[in-house]
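**Q** Mind looking over this structure? Questions follow.
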Amino acid sequence: MVSMLERDVREKFRRSGYTLTSQRRAVLDALRDCKGHPSAEEVYLAVKKRNPRVALGTVYQALSVLEEIGLIEAKRWSETPMRYDLNTEPHHDIRCAKCGAVAEIPGVEFEDFAARLQENTPYEVTNASLIIEGICPACRLES
């Protein structure tokens with residue numbers, strides 16, 4: 001039986017005109033297996049374990065297509081490499097200022113944030129992001 005997520009993947013590829021290649025499938029699988037929000041290099045290393053012949057450029061291209069068709073979201077922080085997230089629903093992330101680890105913050109509603117922004121500006125809010133940083137539990141233990 002095909003899972004709902006798998007149907008969503010196939011449908012997004014069908015609508016986009018792109019093909020779900022074995023390389024794109026491998027990148028999606030690696031993103032599912034990685035904890036947190038991996039960088040392209042971390043995704044590359046995960047894919048390379050299964051397919052030693054894969055090139056870093058292939059992983060970057062696959063990530064670009066996956067982002068373009070809405071299967072993943074790229075997270076940009078100024079001091080760390082771009083990170084990738086399979087969760088494309090509105091949510092907040094927190095980044096460790098010491099090690100760069102990224103995690104989702106459960107229980108904080110994004111809709112309230114976007115609505116409050118809209119209430120306080122004459123602009124139509126089409127995109128909102130919030131950078132939240134702190135020190136992760138592992139780094140706090142090292143201090």
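Here's how to read the names in the structure tokens: chain A, B, ... by the order shown, residue numbers from 1 in each chain, ligand numbers from 1 in the order shown.
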Could you produce a table of the residues of range 36-111 of chain A lying within 12 Å of range 116-124 of chain A, with the nearest pair of atoms per residue and their separation in Å rounded to one decimal, using only C-alpha atoms, ordered by chain and increasing residue number, as a tab-separated table?

**A**
```
residue	atom	partner	partner_atom	distance
A:Glu109	CA	A:Arg116	CA	11.6
A:Phe110	CA	A:Arg116	CA	10.1
A:Glu111	CA	A:Arg116	CA	8.5
```

**Q** Looking only at the backbone, which of the residues in range 33-112 of chain A does DSSP tag as helix (DSSP H, G or I), as a list in words?

**A**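 Answer for range 33-112 of chain A restricted to helix (DSSP H, G or I) is Asp33, Ala40, Glu41, Glu42, Val43, Tyr44, Leu45, Ala46, Val47, Lys48, Lys49, Arg50, Leu56, Gly57, Thr58, Val59, Tyr60, Gln61, Ala62, Leu63, Ser64, Val65, Leu66, Glu67, Glu68, Phe110, Glu111 and Asp112 of chain A.
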
**Q** Keeping only C-alpha atoms, write the selected residues to a file as a PDB file, in the first residue's frame.

**A**
```pdb
ATOM      1  CA  ASP A  33      16.657   9.475   7.827  1.00  0.00           C
ATOM      2  CA  ALA A  40      23.546  19.703   1.797  1.00  0.00           C
ATOM      3  CA  GLU A  41      26.876  18.184   2.788  1.00  0.00           C
ATOM      4  CA  GLU A  42      25.217  16.057   5.477  1.00  0.00           C
ATOM      5  CA  VAL A  43      22.594  14.902   2.983  1.00  0.00           C
ATOM      6  CA  TYR A  44      25.381  14.129   0.508  1.00  0.00           C
ATOM      7  CA  LEU A  45      27.234  11.987   3.059  1.00  0.00           C
ATOM      8  CA  ALA A  46      24.030  10.091   3.885  1.00  0.00           C
ATOM      9  CA  VAL A  47      23.289   9.458   0.198  1.00  0.00           C
ATOM     10  CA  LYS A  48      26.921   8.490  -0.442  1.00  0.00           C
ATOM     11  CA  LYS A  49      26.667   5.680   2.131  1.00  0.00           C
ATOM     12  CA  ARG A  50      24.065   4.009  -0.071  1.00  0.00           C
ATOM     13  CA  LEU A  56      27.825  16.510  -4.479  1.00  0.00           C
ATOM     14  CA  GLY A  57      26.481  18.563  -7.405  1.00  0.00           C
ATOM     15  CA  THR A  58      23.773  15.964  -7.990  1.00  0.00           C
ATOM     16  CA  VAL A  59      22.652  16.321  -4.368  1.00  0.00           C
ATOM     17  CA  TYR A  60      22.560  20.129  -4.666  1.00  0.00           C
ATOM     18  CA  GLN A  61      20.499  19.874  -7.865  1.00  0.00           C
ATOM     19  CA  ALA A  62      18.088  17.409  -6.274  1.00  0.00           C
ATOM     20  CA  LEU A  63      17.677  19.650  -3.207  1.00  0.00           C
ATOM     21  CA  SER A  64      16.962  22.611  -5.484  1.00  0.00           C
ATOM     22  CA  VAL A  65      14.234  20.731  -7.359  1.00  0.00           C
ATOM     23  CA  LEU A  66      12.710  19.366  -4.133  1.00  0.00           C
ATOM     24  CA  GLU A  67      12.560  22.901  -2.744  1.00  0.00           C
ATOM     25  CA  GLU A  68      11.131  24.331  -5.979  1.00  0.00           C
ATOM     26  CA  PHE A 110       2.922  30.191  13.620  1.00  0.00           C
ATOM     27  CA  GLU A 111      -0.530  31.394  12.563  1.00  0.00           C
ATOM     28  CA  ASP A 112      -0.721  33.803  15.523  1.00  0.00           C
TER      29      ASP A 112
END
```

**Q** Would you write out, as CSV, a table of all residues in range 28-130 of chain A that have an atom no more than 8 Å from an atom of range 7-22 of chain A, listing for each the closest atom pair and the distance in Å to one decimal, considering only C-alpha atoms and ordering rows by chain and rising residue number?

**A**
```
residue,atom,partner,partner_atom,distance
A:Ile69,CA,A:Ser16,CA,6.3
A:Gly70,CA,A:Lys12,CA,7.6
A:Leu71,CA,A:Val9,CA,7.1
```

**Q** Just the selected residues (C-alpha atoms), exported as a PDB file, in the first residue's frame, please.

**A**
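See out12.pdb below for the written result:
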```
ATOM      1  CA  ILE A  69       8.233  21.866  -6.045  1.00  0.00           C
ATOM      2  CA  GLY A  70       7.474  22.330  -2.346  1.00  0.00           C
ATOM      3  CA  LEU A  71       8.569  18.994  -0.889  1.00  0.00           C
TER       4      LEU A  71
END
```

**Q** Which residue gives the smallest distance to Asp93 in chain A among A:Pro52, A:Gly36, A:Pro81, A:Pro137, with only C-alpha atoms counted?

**A** A:Gly36

**Q** Could you check the closest approach to Arg83 in chain A for each of A:Leu31, A:Val54, A:Leu141, A:Ala128 and tell me which residue wins, using only C-alpha atoms?

**A**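 Nearest to Arg83 in chain A: A:Leu31.
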